[in-house]
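Data first, discussion second: the structure below is written as structure tokens.
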Number of protein chains: 2
Amino acid sequence: MSVMLQASPLSGTKQNAQTVAFWPMIDGGTHRQTGESALAPLQGIGATLRFKRNAAVFSEGDPSSHVYKVVSGAVRTCRVLMDGRRQIADFFLPGDFFGLDWQSEHAFTAEAVSDAVIISYPRAQIETLGDTEPGIRKLLMALLCKGLSETQDHLVMLGRQTAQERLAWFLLTAMKRTSSSAKLDLPMSRLDIADYLGLTIETVSRGISEFKRRRYITVAGAHEITVRNADMLQALASGEIEA
Amino acid sequence: MSVMLQASPLSGTKQNAQTVAFWPMIDGGTHRQTGESALAPLQGIGATLRFKRNAAVFSEGDPSSHVYKVVSGAVRTCRVLMDGRRQIADFFLPGDFFGLDWQSEHAFTAEAVSDAVIISYPRAQIETLGDTEPGIRKLLMALLCKGLSETQDHLVMLGRQTAQERLAWFLLTAMKRTSSSAKLDLPMSRLDIADYLGLTIETVSRGISEFKRRRYITVAGAHEITVRNADMLQALASGEIEA
DNA sequence: CGCAAGTTTGACGTACATCAAGTAGTGTGG
DNA sequence: CCACACTACTTGATGTACGTCAAACTTGCG
């Protein structure tokens, strides 16, 4: 079982990629991906890695050698244009798989949003497993379909929604993902949210302040947001109601 | 073999879904999707359908019962918000497969951009074929990955590019898709382009006029655009150069 | 030919970006 | 525990790219 696959490119400390899971946990609970039963075959081929905040799990252009699963913390996939503009494609929370965009090379960079523990599965083994295990195949298909579907929703949002609508959509999506409790603990910064929604940090901040004023949400410490009126956010996000 | 699966919802004429392919053509040439060899198993399970311009192949919310392949003409997948705002997710040209977003229900509506001939394959049969034929499985996976990858590129464009950059990106993408000849015959209207790029029809038109002025392109009859300076378009699209 | 649909061009408005201060939070060392 | 610094977030003033409204022009089909 291989170790030391990754080193931390940003932080000066050297405590990355140190632990190997003997029996990596496969199922973190009831999360985004479908069909998470019958994953026993994945047991034993995963290595546990640790990443500090902002460390890269893989970079755009790297050969896509592994599939990853978040155990704790959070991960973002993003692309940075030459002049520094950045677009975040997705966030991944505990239980989520990522890195299966799978075109021989990664098209996006994956970074830890917060300190994170991640299991990596070698792509080659996943692929051969898929040939014999229909469950694995089904899972991969389901994950890809779900990813495509979510990316398409994201696309519509970026193409046609106003700043307020984007923000409402973001909060509702976050609720759905985190066991739909009204109390959200957002691991990402305002800048991350802005780059996910195709906005600036200032516009995100103003939007949140406006939602506070209208009592749609309450905020405690910038990363803890409680949704008080999901119906109004839903109406906003769907365009039933304007600004 | 079933016939009359679809009726034209828009046009008054009644000449839809009339032909059944005895041996449907599978490979329209060298097009977008990868691994188009070993598709013999698909032979014989496809039905040929005809659609008039703007007719729906399937609608958002319909059960996703089939996978489709464009034979001639072009197809768009789009979503319309309550107030009429529309976002086009993708265009499909001859040889392209679509409708495999495959989440039990279609998340987007598919419509013919121009009069089109399309082959439909029943999803159930595709799925059972996938269990026995590794080639089919690989193809589905490859198509999904390609779709995801392209959607992600689209996402970055919508989130972070200016109008001019979007337009340059669109023309370059169109070139790559249509055998990379410099002479493009765009089947879609300015409105379609606008809704694909997250812009208005006026902004698209102004952008094209500007490209004409700069001699990056020449235009004949609005649907025929010839790229004269792909390098400049590339520089614009990638952000090397501004407006 | 003649109309209708599609496209281009112009004048003007606005939502969001940019620039620029402030004001929390968060971690570190005394 | 507090002082300090640093980063993150908020708020305000101003600019601008693109949207909106409106009118001409072009194209293609009956």
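The chains in the structure tokens are called A, B, ... from first to last as shown; in each chain the residues are counted from 1, and the ligands are counted from 1 in the order shown.
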Select, as a list in words, those residues of chain B with any atom no more than 7 Å from chain A (distances computed using only C-alpha atoms).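 In the required form, that comes to Met82, Asp83, Arg85, Gln87, Ala89, Asp101, Trp102, Gln103, Leu144, Cys145, Leu148, Ser149, Thr151, Gln152, Leu155, Val156, Leu158, Gly159, Arg160, Gly198, Gly239 and Glu240 of chain B.
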Any chance you can output those residues with N, CA, C and O atoms as a CSV table (one decimal), in the first residue's frame?
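Dumped to out22.csv:
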```csv
chain,number,residue,atom,x,y,z
B,82,MET,N,-39.1,30.6,-14.9
B,82,MET,CA,-40.5,31.0,-14.9
B,82,MET,C,-40.7,32.3,-15.6
B,82,MET,O,-41.8,32.5,-16.2
B,83,ASP,N,-39.8,33.3,-15.5
B,83,ASP,CA,-40.0,34.6,-16.2
B,83,ASP,C,-39.5,34.6,-17.6
B,83,ASP,O,-39.4,35.7,-18.2
B,85,ARG,N,-36.5,33.7,-18.9
B,85,ARG,CA,-35.0,33.6,-19.1
B,85,ARG,C,-34.7,32.1,-19.5
B,85,ARG,O,-35.2,31.2,-18.9
B,87,GLN,N,-31.6,29.3,-20.5
B,87,GLN,CA,-30.1,28.9,-20.6
B,87,GLN,C,-30.0,27.6,-21.5
B,87,GLN,O,-30.7,26.6,-21.2
B,89,ALA,N,-27.8,24.5,-22.5
B,89,ALA,CA,-26.7,23.8,-21.8
B,89,ALA,C,-25.7,23.3,-22.9
B,89,ALA,O,-24.5,23.3,-22.7
B,101,ASP,N,-28.3,12.1,-19.6
B,101,ASP,CA,-28.1,12.7,-18.3
B,101,ASP,C,-28.7,11.8,-17.3
B,101,ASP,O,-28.4,11.9,-16.1
B,102,TRP,N,-29.8,11.1,-17.7
B,102,TRP,CA,-30.1,9.8,-17.1
B,102,TRP,C,-30.3,9.8,-15.6
B,102,TRP,O,-29.7,9.0,-14.9
B,103,GLN,N,-31.1,10.6,-15.1
B,103,GLN,CA,-31.4,10.6,-13.7
B,103,GLN,C,-32.9,10.2,-13.5
B,103,GLN,O,-33.6,10.8,-12.7
B,144,LEU,N,-20.2,10.2,-20.9
B,144,LEU,CA,-20.5,11.0,-19.7
B,144,LEU,C,-19.4,11.9,-19.3
B,144,LEU,O,-19.5,13.0,-19.0
B,145,CYS,N,-18.2,11.3,-19.3
B,145,CYS,CA,-17.0,12.1,-18.9
B,145,CYS,C,-16.8,13.3,-19.8
B,145,CYS,O,-16.5,14.4,-19.4
B,148,LEU,N,-19.4,15.8,-19.1
B,148,LEU,CA,-19.0,16.5,-17.8
B,148,LEU,C,-17.9,17.5,-18.0
B,148,LEU,O,-18.0,18.7,-17.6
B,149,SER,N,-16.9,17.1,-18.7
B,149,SER,CA,-15.7,18.0,-19.0
B,149,SER,C,-16.1,19.2,-19.8
B,149,SER,O,-15.8,20.3,-19.5
B,151,THR,N,-19.1,20.5,-20.0
B,151,THR,CA,-20.0,21.3,-19.2
B,151,THR,C,-19.2,22.2,-18.2
B,151,THR,O,-19.5,23.3,-17.9
B,152,GLN,N,-18.1,21.6,-17.7
B,152,GLN,CA,-17.3,22.3,-16.7
B,152,GLN,C,-16.6,23.5,-17.4
B,152,GLN,O,-16.5,24.6,-16.9
B,155,LEU,N,-19.0,26.1,-17.8
B,155,LEU,CA,-19.2,26.7,-16.5
B,155,LEU,C,-18.2,27.9,-16.2
B,155,LEU,O,-18.6,29.0,-15.8
B,156,VAL,N,-17.0,27.6,-16.5
B,156,VAL,CA,-15.9,28.6,-16.3
B,156,VAL,C,-16.2,29.8,-17.1
B,156,VAL,O,-16.1,30.9,-16.7
B,158,LEU,N,-19.0,30.8,-18.4
B,158,LEU,CA,-20.2,31.6,-17.9
B,158,LEU,C,-19.9,32.4,-16.6
B,158,LEU,O,-20.4,33.5,-16.4
B,159,GLY,N,-19.0,31.8,-15.8
B,159,GLY,CA,-18.8,32.4,-14.5
B,159,GLY,C,-17.8,33.6,-14.6
B,159,GLY,O,-17.9,34.5,-13.8
B,160,ARG,N,-16.8,33.5,-15.5
B,160,ARG,CA,-15.7,34.4,-15.4
B,160,ARG,C,-15.2,35.1,-16.6
B,160,ARG,O,-14.3,35.8,-16.6
B,198,GLY,N,-25.0,33.0,-22.1
B,198,GLY,CA,-25.4,33.8,-21.0
B,198,GLY,C,-25.4,35.3,-21.3
B,198,GLY,O,-25.1,36.1,-20.4
B,239,GLY,N,-7.8,34.9,-22.4
B,239,GLY,CA,-7.5,36.0,-21.5
B,239,GLY,C,-6.1,36.6,-21.7
B,239,GLY,O,-5.7,37.4,-20.9
B,240,GLU,N,-5.4,36.1,-22.7
B,240,GLU,CA,-4.0,36.6,-22.9
B,240,GLU,C,-4.1,38.1,-23.2
B,240,GLU,O,-3.2,38.9,-22.9
```
Determine, counting only C-alpha atoms (C1' of nucleotides), which protein, DNA and RNA residues have an atom within 12 Å of an atom of DA21 (chain C); residues of the same chain fewer than 2 positions away are not included. Present the result as number ranges by chain. C: 19, 23; D: 10-13
Counting only C-alpha atoms (C1' of nucleotides), a student should be able to say which residues of chain C come within 10 Å of chain B; what is the right answer, written as a list in words?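 Output check: DG6, DT7, DT8 and DT9 of chain C.
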Got time to write the residues from that selection, N, CA, C and O atoms (P, O5', C5', C4', C3', O3' and C1' of nucleotides), as a JSON list (two decimals), in the first residue's frame?
```json
[["chain", "number", "residue", "atom", "x", "y", "z"],
["C", 6, "DG", "P", -37.61, 33.97, -36.06],
["C", 6, "DG", "O5'", -36.29, 34.73, -36.51],
["C", 6, "DG", "C5'", -35.65, 34.32, -37.72],
["C", 6, "DG", "C4'", -34.52, 35.27, -38.02],
["C", 6, "DG", "C3'", -33.56, 35.50, -36.86],
["C", 6, "DG", "O3'", -32.24, 35.26, -37.33],
["C", 6, "DG", "C1'", -34.26, 37.57, -37.79],
["C", 7, "DT", "P", -30.96, 35.39, -36.37],
["C", 7, "DT", "O5'", -30.40, 36.85, -36.63],
["C", 7, "DT", "C5'", -29.98, 37.20, -37.94],
["C", 7, "DT", "C4'", -29.66, 38.67, -38.00],
["C", 7, "DT", "C3'", -28.60, 39.15, -37.00],
["C", 7, "DT", "O3'", -27.44, 39.49, -37.75],
["C", 7, "DT", "C1'", -30.42, 40.68, -37.22],
["C", 8, "DT", "P", -26.12, 40.01, -37.02],
["C", 8, "DT", "O5'", -26.32, 41.58, -37.06],
["C", 8, "DT", "C5'", -26.34, 42.26, -38.31],
["C", 8, "DT", "C4'", -26.68, 43.72, -38.08],
["C", 8, "DT", "C3'", -25.70, 44.51, -37.22],
["C", 8, "DT", "O3'", -25.12, 45.52, -38.03],
["C", 8, "DT", "C1'", -27.96, 44.98, -36.64],
["C", 9, "DT", "P", -23.85, 46.35, -37.53],
["C", 9, "DT", "O5'", -24.50, 47.63, -36.85],
["C", 9, "DT", "C5'", -25.39, 48.45, -37.62],
["C", 9, "DT", "C4'", -26.09, 49.45, -36.71],
["C", 9, "DT", "C3'", -25.18, 50.16, -35.69],
["C", 9, "DT", "O3'", -25.16, 51.55, -36.02],
["C", 9, "DT", "C1'", -27.25, 49.50, -34.73]]
```
Using only C-alpha atoms (C1' of nucleotides), I'd like every residue of chain D that has an atom within 9 Å of chain B; please write them out as a PyMOL selection string. chain D and resi 17-19+26-27
For DT14 (chain D), list every protein, DNA or RNA residue within 12 Å, evaluated using only C-alpha atoms (C1' of nucleotides), and leave out those in the same chain fewer than 3 positions away; present the list as number ranges by chain. C: 17-20
In region 118-162 of chain B, DSSP helix (DSSP H, G or I) residues written as a short mmCIF file (atom, residue, chain, number, x, y, z; two decimals) with all heavy atoms, in the first residue's frame:
```cif
data_model
loop_
_atom_site.label_atom_id
_atom_site.label_comp_id
_atom_site.auth_asym_id
_atom_site.auth_seq_id
_atom_site.Cartn_x
_atom_site.Cartn_y
_atom_site.Cartn_z
N ARG B 123 -33.56 3.06 -23.41
CA ARG B 123 -32.60 3.07 -22.32
C ARG B 123 -32.43 1.68 -21.70
O ARG B 123 -31.31 1.26 -21.39
CB ARG B 123 -33.07 4.06 -21.25
CG ARG B 123 -32.21 4.08 -20.03
CD ARG B 123 -32.78 5.03 -18.98
NE ARG B 123 -32.19 4.72 -17.69
CZ ARG B 123 -32.37 5.45 -16.60
NH1 ARG B 123 -33.14 6.52 -16.66
NH2 ARG B 123 -31.80 5.12 -15.48
N ALA B 124 -33.55 1.00 -21.52
CA ALA B 124 -33.50 -0.32 -20.88
C ALA B 124 -32.58 -1.26 -21.66
O ALA B 124 -31.75 -1.96 -21.07
CB ALA B 124 -34.91 -0.90 -20.79
N GLN B 125 -32.72 -1.23 -22.99
CA GLN B 125 -31.89 -2.12 -23.80
C GLN B 125 -30.42 -1.72 -23.75
O GLN B 125 -29.54 -2.57 -23.72
CB GLN B 125 -32.40 -2.12 -25.24
CG GLN B 125 -33.77 -2.77 -25.38
CD GLN B 125 -34.14 -2.96 -26.84
OE1 GLN B 125 -33.35 -3.46 -27.63
NE2 GLN B 125 -35.36 -2.59 -27.19
N ILE B 126 -30.18 -0.40 -23.74
CA ILE B 126 -28.81 0.08 -23.63
C ILE B 126 -28.20 -0.42 -22.33
O ILE B 126 -27.05 -0.88 -22.29
CB ILE B 126 -28.76 1.63 -23.65
CG1 ILE B 126 -29.19 2.16 -25.01
CG2 ILE B 126 -27.38 2.13 -23.26
CD1 ILE B 126 -28.08 2.37 -25.98
N GLU B 127 -29.00 -0.37 -21.28
CA GLU B 127 -28.47 -0.75 -19.97
C GLU B 127 -28.14 -2.24 -19.90
O GLU B 127 -27.08 -2.62 -19.41
CB GLU B 127 -29.47 -0.39 -18.86
CG GLU B 127 -29.39 1.08 -18.47
CD GLU B 127 -30.20 1.38 -17.22
OE1 GLU B 127 -29.76 1.03 -16.12
OE2 GLU B 127 -31.29 1.98 -17.35
N THR B 128 -29.06 -3.06 -20.40
CA THR B 128 -28.78 -4.49 -20.36
C THR B 128 -27.61 -4.83 -21.28
O THR B 128 -26.78 -5.67 -20.96
CB THR B 128 -30.02 -5.32 -20.76
OG1 THR B 128 -30.52 -4.82 -22.01
CG2 THR B 128 -31.11 -5.20 -19.71
N LEU B 129 -27.54 -4.14 -22.43
CA LEU B 129 -26.39 -4.33 -23.32
C LEU B 129 -25.09 -4.01 -22.58
O LEU B 129 -24.09 -4.72 -22.71
CB LEU B 129 -26.52 -3.40 -24.53
CG LEU B 129 -26.97 -4.00 -25.85
CD1 LEU B 129 -27.00 -2.94 -26.93
CD2 LEU B 129 -26.06 -5.14 -26.24
N GLY B 130 -25.14 -2.94 -21.78
CA GLY B 130 -23.95 -2.51 -21.04
C GLY B 130 -23.46 -3.58 -20.08
O GLY B 130 -22.26 -3.67 -19.79
N ASP B 131 -24.38 -4.41 -19.57
CA ASP B 131 -23.96 -5.44 -18.64
C ASP B 131 -23.11 -6.51 -19.29
O ASP B 131 -22.25 -7.11 -18.65
CB ASP B 131 -25.20 -6.09 -17.99
CG ASP B 131 -25.87 -5.15 -17.00
OD1 ASP B 131 -25.16 -4.27 -16.48
OD2 ASP B 131 -27.08 -5.30 -16.75
N THR B 132 -23.37 -6.75 -20.58
CA THR B 132 -22.64 -7.82 -21.25
C THR B 132 -21.53 -7.31 -22.17
O THR B 132 -20.51 -7.96 -22.35
CB THR B 132 -23.59 -8.70 -22.08
OG1 THR B 132 -24.28 -7.85 -23.01
CG2 THR B 132 -24.61 -9.39 -21.19
N PRO B 134 -18.65 -4.86 -22.88
CA PRO B 134 -17.75 -3.85 -22.28
C PRO B 134 -17.60 -2.62 -23.18
O PRO B 134 -17.43 -1.51 -22.69
CB PRO B 134 -16.42 -4.59 -22.14
CG PRO B 134 -16.71 -6.02 -22.39
CD PRO B 134 -17.96 -6.11 -23.20
N GLY B 135 -17.70 -2.82 -24.48
CA GLY B 135 -17.55 -1.71 -25.41
C GLY B 135 -18.62 -0.65 -25.20
O GLY B 135 -18.34 0.55 -25.20
N ILE B 136 -19.84 -1.09 -25.00
CA ILE B 136 -20.96 -0.17 -24.76
C ILE B 136 -20.74 0.57 -23.44
O ILE B 136 -20.93 1.79 -23.35
CB ILE B 136 -22.29 -0.95 -24.70
CG1 ILE B 136 -22.57 -1.64 -26.03
CG2 ILE B 136 -23.44 -0.03 -24.33
CD1 ILE B 136 -22.87 -0.69 -27.16
N ARG B 137 -20.35 -0.19 -22.44
CA ARG B 137 -20.07 0.41 -21.13
C ARG B 137 -19.04 1.52 -21.25
O ARG B 137 -19.23 2.63 -20.78
CB ARG B 137 -19.52 -0.69 -20.21
CG ARG B 137 -20.28 -0.88 -18.95
CD ARG B 137 -19.53 -1.82 -18.05
NE ARG B 137 -19.56 -3.21 -18.52
CZ ARG B 137 -18.59 -4.08 -18.31
NH1 ARG B 137 -17.48 -3.71 -17.68
NH2 ARG B 137 -18.71 -5.32 -18.74
N LYS B 138 -17.95 1.17 -21.89
CA LYS B 138 -16.85 2.14 -22.08
C LYS B 138 -17.35 3.37 -22.81
O LYS B 138 -17.00 4.50 -22.47
CB LYS B 138 -15.71 1.49 -22.88
CG LYS B 138 -14.95 0.43 -22.10
CD LYS B 138 -13.75 1.03 -21.37
CE LYS B 138 -13.33 0.18 -20.17
NZ LYS B 138 -12.96 -1.20 -20.56
N LEU B 139 -18.17 3.14 -23.84
CA LEU B 139 -18.69 4.26 -24.61
C LEU B 139 -19.53 5.17 -23.73
O LEU B 139 -19.35 6.40 -23.73
CB LEU B 139 -19.54 3.76 -25.78
CG LEU B 139 -20.24 4.86 -26.58
CD1 LEU B 139 -19.22 5.72 -27.30
CD2 LEU B 139 -21.24 4.28 -27.57
N LEU B 140 -20.43 4.58 -22.94
CA LEU B 140 -21.28 5.38 -22.07
C LEU B 140 -20.45 6.21 -21.10
O LEU B 140 -20.67 7.40 -20.91
CB LEU B 140 -22.25 4.48 -21.31
CG LEU B 140 -23.38 3.88 -22.13
CD1 LEU B 140 -24.18 2.89 -21.29
CD2 LEU B 140 -24.28 4.97 -22.68
N MET B 141 -19.49 5.53 -20.48
CA MET B 141 -18.60 6.21 -19.55
C MET B 141 -17.88 7.37 -20.24
O MET B 141 -17.82 8.47 -19.72
CB MET B 141 -17.55 5.22 -19.03
CG MET B 141 -18.02 4.39 -17.87
SD MET B 141 -18.28 5.39 -16.39
CE MET B 141 -17.85 4.22 -15.14
N ALA B 142 -17.33 7.07 -21.41
CA ALA B 142 -16.58 8.09 -22.14
C ALA B 142 -17.47 9.28 -22.49
O ALA B 142 -17.07 10.44 -22.37
CB ALA B 142 -15.97 7.50 -23.40
N LEU B 143 -18.70 8.97 -22.92
CA LEU B 143 -19.63 10.05 -23.28
C LEU B 143 -19.96 10.90 -22.06
O LEU B 143 -19.99 12.13 -22.14
CB LEU B 143 -20.92 9.47 -23.87
CG LEU B 143 -20.80 8.86 -25.27
CD1 LEU B 143 -22.11 8.19 -25.65
CD2 LEU B 143 -20.43 9.94 -26.28
N LEU B 144 -20.21 10.24 -20.94
CA LEU B 144 -20.53 10.98 -19.72
C LEU B 144 -19.36 11.86 -19.30
O LEU B 144 -19.53 13.03 -18.96
CB LEU B 144 -20.88 10.02 -18.59
CG LEU B 144 -22.33 9.56 -18.52
CD1 LEU B 144 -22.48 8.49 -17.45
CD2 LEU B 144 -23.23 10.74 -18.21
N CYS B 145 -18.16 11.31 -19.32
CA CYS B 145 -16.97 12.06 -18.93
C CYS B 145 -16.76 13.26 -19.85
O CYS B 145 -16.48 14.37 -19.39
CB CYS B 145 -15.73 11.17 -18.97
SG CYS B 145 -15.62 10.03 -17.60
N LYS B 146 -16.92 13.02 -21.13
CA LYS B 146 -16.76 14.10 -22.09
C LYS B 146 -17.80 15.19 -21.84
O LYS B 146 -17.48 16.37 -21.83
CB LYS B 146 -16.91 13.55 -23.53
CG LYS B 146 -16.32 14.43 -24.58
CD LYS B 146 -15.40 13.63 -25.51
CE LYS B 146 -14.26 14.47 -26.04
NZ LYS B 146 -14.69 15.36 -27.12
N GLY B 147 -19.04 14.75 -21.63
CA GLY B 147 -20.10 15.72 -21.35
C GLY B 147 -19.80 16.53 -20.11
O GLY B 147 -19.96 17.75 -20.09
N LEU B 148 -19.35 15.84 -19.06
CA LEU B 148 -19.03 16.54 -17.81
C LEU B 148 -17.91 17.54 -18.05
O LEU B 148 -17.99 18.70 -17.62
CB LEU B 148 -18.62 15.52 -16.75
CG LEU B 148 -18.32 16.07 -15.36
CD1 LEU B 148 -19.50 16.86 -14.83
CD2 LEU B 148 -17.93 14.96 -14.40
N SER B 149 -16.90 17.11 -18.74
CA SER B 149 -15.74 17.97 -19.00
C SER B 149 -16.14 19.22 -19.79
O SER B 149 -15.76 20.34 -19.45
CB SER B 149 -14.69 17.17 -19.75
OG SER B 149 -13.62 17.99 -20.13
N GLU B 150 -16.94 19.02 -20.81
CA GLU B 150 -17.38 20.15 -21.63
C GLU B 150 -18.28 21.09 -20.83
O GLU B 150 -18.21 22.32 -20.97
CB GLU B 150 -18.11 19.64 -22.88
CG GLU B 150 -17.16 19.08 -23.92
CD GLU B 150 -17.87 18.44 -25.10
OE1 GLU B 150 -19.12 18.43 -25.10
OE2 GLU B 150 -17.19 17.95 -26.00
N THR B 151 -19.14 20.50 -20.01
CA THR B 151 -20.03 21.33 -19.19
C THR B 151 -19.23 22.17 -18.21
O THR B 151 -19.55 23.32 -17.94
CB THR B 151 -21.04 20.44 -18.44
OG1 THR B 151 -21.73 19.63 -19.39
CG2 THR B 151 -22.05 21.29 -17.68
N GLN B 152 -18.14 21.58 -17.68
CA GLN B 152 -17.31 22.32 -16.75
C GLN B 152 -16.59 23.48 -17.43
O GLN B 152 -16.46 24.57 -16.87
CB GLN B 152 -16.29 21.38 -16.10
CG GLN B 152 -16.93 20.48 -15.05
CD GLN B 152 -15.96 19.45 -14.50
OE1 GLN B 152 -15.02 19.04 -15.18
NE2 GLN B 152 -16.19 19.02 -13.27
N ASP B 153 -16.14 23.25 -18.67
CA ASP B 153 -15.53 24.35 -19.43
C ASP B 153 -16.54 25.48 -19.65
O ASP B 153 -16.22 26.66 -19.49
CB ASP B 153 -15.03 23.85 -20.79
CG ASP B 153 -13.81 22.96 -20.67
OD1 ASP B 153 -13.22 22.93 -19.58
OD2 ASP B 153 -13.47 22.30 -21.65
N HIS B 154 -17.74 25.07 -20.02
CA HIS B 154 -18.84 26.01 -20.22
C HIS B 154 -19.07 26.83 -18.94
O HIS B 154 -19.26 28.05 -18.97
CB HIS B 154 -20.08 25.20 -20.58
CG HIS B 154 -21.22 26.00 -21.16
ND1 HIS B 154 -22.40 25.44 -21.50
CD2 HIS B 154 -21.35 27.31 -21.43
CE1 HIS B 154 -23.23 26.37 -21.97
NE2 HIS B 154 -22.61 27.52 -21.94
N LEU B 155 -19.01 26.13 -17.83
CA LEU B 155 -19.22 26.73 -16.51
C LEU B 155 -18.23 27.86 -16.24
O LEU B 155 -18.59 28.96 -15.82
CB LEU B 155 -19.04 25.64 -15.45
CG LEU B 155 -19.50 25.92 -14.04
CD1 LEU B 155 -20.99 25.72 -13.95
CD2 LEU B 155 -18.79 24.99 -13.07
N VAL B 156 -16.97 27.58 -16.49
CA VAL B 156 -15.91 28.58 -16.26
C VAL B 156 -16.17 29.80 -17.14
O VAL B 156 -16.07 30.94 -16.70
CB VAL B 156 -14.52 28.00 -16.55
CG1 VAL B 156 -13.46 29.08 -16.47
CG2 VAL B 156 -14.21 26.86 -15.59
N MET B 157 -16.53 29.51 -18.38
CA MET B 157 -16.82 30.58 -19.33
C MET B 157 -17.94 31.47 -18.80
O MET B 157 -17.80 32.69 -18.75
CB MET B 157 -17.19 29.93 -20.66
CG MET B 157 -17.28 30.83 -21.83
SD MET B 157 -18.88 31.60 -21.92
CE MET B 157 -19.92 30.21 -22.31
N LEU B 158 -19.04 30.84 -18.36
CA LEU B 158 -20.18 31.62 -17.88
C LEU B 158 -19.87 32.38 -16.60
O LEU B 158 -20.37 33.47 -16.38
CB LEU B 158 -21.38 30.68 -17.62
CG LEU B 158 -22.06 30.11 -18.85
CD1 LEU B 158 -23.18 29.17 -18.43
CD2 LEU B 158 -22.61 31.22 -19.73
N GLY B 159 -19.05 31.78 -15.76
CA GLY B 159 -18.77 32.40 -14.47
C GLY B 159 -17.80 33.56 -14.56
O GLY B 159 -17.94 34.55 -13.83
N ARG B 160 -16.83 33.48 -15.47
CA ARG B 160 -15.71 34.41 -15.36
C ARG B 160 -15.25 35.09 -16.64
O ARG B 160 -14.27 35.82 -16.63
CB ARG B 160 -14.50 33.68 -14.75
CG ARG B 160 -14.66 33.38 -13.27
CD ARG B 160 -14.93 34.63 -12.49
NE ARG B 160 -15.01 34.46 -11.05
CZ ARG B 160 -15.68 35.31 -10.26
NH1 ARG B 160 -16.32 36.34 -10.77
NH2 ARG B 160 -15.71 35.13 -8.95
#
```
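CA of Arg177 (chain A) is found 24.1 Å from CA of Arg214 (chain A).
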Using only C-alpha atoms (C1' of nucleotides), which protein or nucleic acid residues come within 7 Å of Lys69 (chain B)? Drop anything in the same chain fewer than 5 positions from it, and give the result as a list of chain:residue names.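 In the requested format, the answer is B:Gly95, B:Asp96, B:Phe97, B:Phe98, B:Ile118, B:Ile119, B:Ser120.
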Hey, can you spit out that residue selection with all heavy atoms as a compact mmCIF listing (two decimals), in the first residue's frame?
```
# COMPACT_ATOMS: atom_id res chain seq x y z
N GLY B 95 -23.83 12.98 -35.30
CA GLY B 95 -22.86 12.08 -34.70
C GLY B 95 -22.87 12.14 -33.18
O GLY B 95 -22.40 11.22 -32.52
N ASP B 96 -23.41 13.22 -32.61
CA ASP B 96 -23.42 13.38 -31.15
C ASP B 96 -24.56 12.60 -30.50
O ASP B 96 -25.67 12.54 -31.03
CB ASP B 96 -23.58 14.86 -30.77
CG ASP B 96 -22.38 15.70 -31.14
OD1 ASP B 96 -21.30 15.12 -31.34
OD2 ASP B 96 -22.52 16.93 -31.22
N PHE B 97 -24.27 12.02 -29.34
CA PHE B 97 -25.30 11.40 -28.50
C PHE B 97 -25.81 12.42 -27.49
O PHE B 97 -25.04 13.25 -27.01
CB PHE B 97 -24.72 10.21 -27.75
CG PHE B 97 -24.51 8.99 -28.59
CD1 PHE B 97 -23.30 8.79 -29.24
CD2 PHE B 97 -25.51 8.04 -28.72
CE1 PHE B 97 -23.10 7.66 -30.03
CE2 PHE B 97 -25.31 6.90 -29.49
CZ PHE B 97 -24.11 6.71 -30.14
N PHE B 98 -27.07 12.34 -27.14
CA PHE B 98 -27.60 13.17 -26.06
C PHE B 98 -28.74 12.44 -25.36
O PHE B 98 -29.21 11.40 -25.83
CB PHE B 98 -28.06 14.53 -26.58
CG PHE B 98 -29.26 14.49 -27.46
CD1 PHE B 98 -30.53 14.73 -26.95
CD2 PHE B 98 -29.13 14.23 -28.82
CE1 PHE B 98 -31.65 14.69 -27.77
CE2 PHE B 98 -30.25 14.20 -29.65
CZ PHE B 98 -31.50 14.42 -29.12
N ILE B 118 -33.10 11.96 -36.03
CA ILE B 118 -32.51 11.49 -34.78
C ILE B 118 -32.83 10.02 -34.60
O ILE B 118 -33.94 9.57 -34.90
CB ILE B 118 -33.08 12.31 -33.60
CG1 ILE B 118 -32.54 13.74 -33.66
CG2 ILE B 118 -32.76 11.66 -32.27
CD1 ILE B 118 -33.31 14.72 -32.83
N ILE B 119 -31.85 9.26 -34.11
CA ILE B 119 -32.10 7.86 -33.76
C ILE B 119 -32.29 7.76 -32.26
O ILE B 119 -31.51 8.35 -31.50
CB ILE B 119 -30.93 6.96 -34.18
CG1 ILE B 119 -30.64 7.11 -35.67
CG2 ILE B 119 -31.24 5.50 -33.85
CD1 ILE B 119 -29.45 6.30 -36.12
N SER B 120 -33.30 7.05 -31.82
CA SER B 120 -33.51 6.85 -30.39
C SER B 120 -33.25 5.39 -30.03
O SER B 120 -33.68 4.48 -30.75
CB SER B 120 -34.93 7.24 -29.99
OG SER B 120 -35.85 6.24 -30.38
```
CA of Pro94 (chain B) to CA of Ala56 (chain B), straight-line distance in Å: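 Separating CA of Ala56 (chain B) from CA of Pro94 (chain B) is a distance of 17.0 Å.
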